[in-house]
Structures are given as structure tokens and as C-alpha cells.
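Participant: Dropping in upload_29.txt, with compact mmCIF, C-alpha atoms.
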# COMPACT_ATOMS: atom_id res chain seq x y z
CA MET P 1178 0.00 0.00 0.00
CA ALA P 1179 1.41 3.38 -0.98
CA GLU P 1180 2.08 6.04 1.59
CA VAL P 1181 -0.21 9.01 1.13
CA ASN P 1182 1.22 12.43 2.01
CA LYS P 1183 -1.47 13.80 4.25
CA LYS P 1184 -1.74 17.41 5.23
CA PRO P 1185 -1.49 17.89 9.01
CA ASN P 1186 -4.79 18.47 10.72
CA PHE P 1187 -6.21 21.91 11.42
CA PHE P 1188 -4.90 22.15 14.99
CA VAL P 1189 -1.35 21.21 14.03
CA ARG P 1190 -1.33 23.74 11.16
CA THR P 1191 -2.82 26.45 13.37
CA GLY P 1192 -0.27 25.78 16.13
CA ARG P 1193 2.60 25.97 13.65
CA ASN P 1194 1.25 29.19 12.15
CA ILE P 1195 0.85 30.79 15.56
CA ALA P 1196 4.37 29.76 16.58
CA LYS P 1197 5.75 31.11 13.28
CA TRP P 1198 3.89 34.39 13.83
CA PHE P 1199 5.40 34.82 17.31
CA ARG P 1200 8.91 34.05 16.03
CA GLU P 1201 8.56 36.61 13.24
CA MET P 1202 7.10 39.18 15.63
CA LYS P 1203 10.02 38.70 18.02
CA SER P 1204 12.56 39.17 15.23
CA GLU P 1205 10.78 42.31 13.99
CA LEU P 1206 10.63 43.81 17.48
CA LYS P 1207 14.40 43.43 17.75
CA LYS P 1208 14.70 45.84 14.79
CA VAL P 1209 12.61 48.56 16.43
CA VAL P 1210 14.47 51.65 17.59
CA TRP P 1211 12.68 52.81 20.72
CA PRO P 1212 12.77 56.54 21.59
CA ASN P 1213 14.55 57.75 24.68
CA GLY P 1214 12.84 59.81 27.35
CA LYS P 1215 13.64 63.21 25.84
CA GLN P 1216 12.34 62.17 22.42
CA MET P 1217 9.20 60.74 24.03
CA VAL P 1218 8.44 64.01 25.84
CA ASN P 1219 9.16 66.03 22.68
CA ASN P 1220 6.89 63.84 20.53
CA THR P 1221 4.14 63.95 23.16
CA LEU P 1222 4.26 67.75 23.27
CA ILE P 1223 4.10 67.93 19.46
CA VAL P 1224 1.04 65.67 19.42
CA LEU P 1225 -0.71 67.67 22.16
CA ALA P 1226 0.02 70.97 20.38
CA SER P 1227 -1.30 69.53 17.10
CA ILE P 1228 -4.48 68.36 18.81
CA LEU P 1229 -4.94 71.81 20.36
CA VAL P 1230 -4.47 73.60 17.01
CA VAL P 1231 -6.85 71.26 15.17
CA GLY P 1232 -9.39 71.59 17.99
CA ILE P 1233 -9.26 75.38 17.78
CA ILE P 1234 -9.68 75.27 13.99
CA VAL P 1235 -12.69 72.94 14.31
CA CYS P 1236 -14.26 75.15 16.99
CA VAL P 1237 -13.80 78.30 14.89
CA PHE P 1238 -15.27 76.59 11.82
CA ASP P 1239 -18.20 75.29 13.88
CA PHE P 1240 -18.85 78.76 15.31
CA LEU P 1241 -18.70 80.41 11.87
CA ALA P 1242 -20.89 77.71 10.29
CA GLY P 1243 -23.44 78.12 13.08
CA LYS P 1244 -23.50 81.90 12.64
CA GLY P 1245 -23.80 81.49 8.85
CA LEU P 1246 -26.71 79.09 9.18
CA GLY P 1247 -28.33 81.43 11.71
CA LEU P 1248 -28.07 84.30 9.22
CA LEU P 1249 -29.54 82.13 6.45
CA ARG P 1250 -32.38 81.04 8.73
CA ALA P 1251 -33.11 84.67 9.69
CA LEU P 1252 -32.96 85.70 6.04
CA PHE P 1253 -35.50 83.12 4.88
CA HIS P 1254 -37.77 83.13 7.93
Can I see the file as C-alpha cells?
Facilitator:
Amino acid sequence: MAEVNKKPNFFVRTGRNIAKWFREMKSELKKVVWPNGKQMVNNTLIVLASILVVGIIVCVFDFLAGKGLGLLRALFH
């Protein structure tokens, strides 16, 4: 009787794939250059300033759009 090359069952394949994924993740994380404390603080301040600027722009646009719609409503009422 001839030997039949059978594919491993689902659980074996899944276990191998998960193990492979963790090995690859570990090797990729070794390549990451993590920021030092000064860079972290600097990047955090840049993000917070950006959020503040965008928030102000959105608030101004919202205020102006509200006033514009109020004027249109008063004009057509």
C-alpha cells in the first residue's frame, strides 16, 4: 500500500502558524528603535500641540458655520 502524504490536521497547522507568527514578531521587534525619554516628551508635546491647534480650527469653523446658518435662517424666515 502506498504512503499518502497527508496534510497535518487543522490544529497542528494552526499551532505551527501561531508559533511562526510569534517568532517573526520577536525578530521584527528586535529591529525597532525605541525613543529615549527626551524624544518621548518632545513627541508627546508635538502631538498635544497639534491636537490643540486642530481643535481650535474645528471650533472656529463650527462657530462660523453656526453663525452662517443662523443668518440664512433669519434671512428666509
Participant: Tell me, in Å to one decimal, how far atom CA of P:Trp1211 is from atom CA of P:Val1224.
Facilitator: 17.4 Å
Participant: In Å to one decimal, how far is atom CA of P:Lys1208 from atom CA of P:Ile1195?
Facilitator: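 Distance reported for this atom pair: 20.5 Å.
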Participant: One decimal, in Å: what's the spacing between atom CA of P:Ser1227 and atom CA of P:Asp1239?
Facilitator: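 Separation between atom CA of P:Ser1227 and atom CA of P:Asp1239: 18.1 Å.
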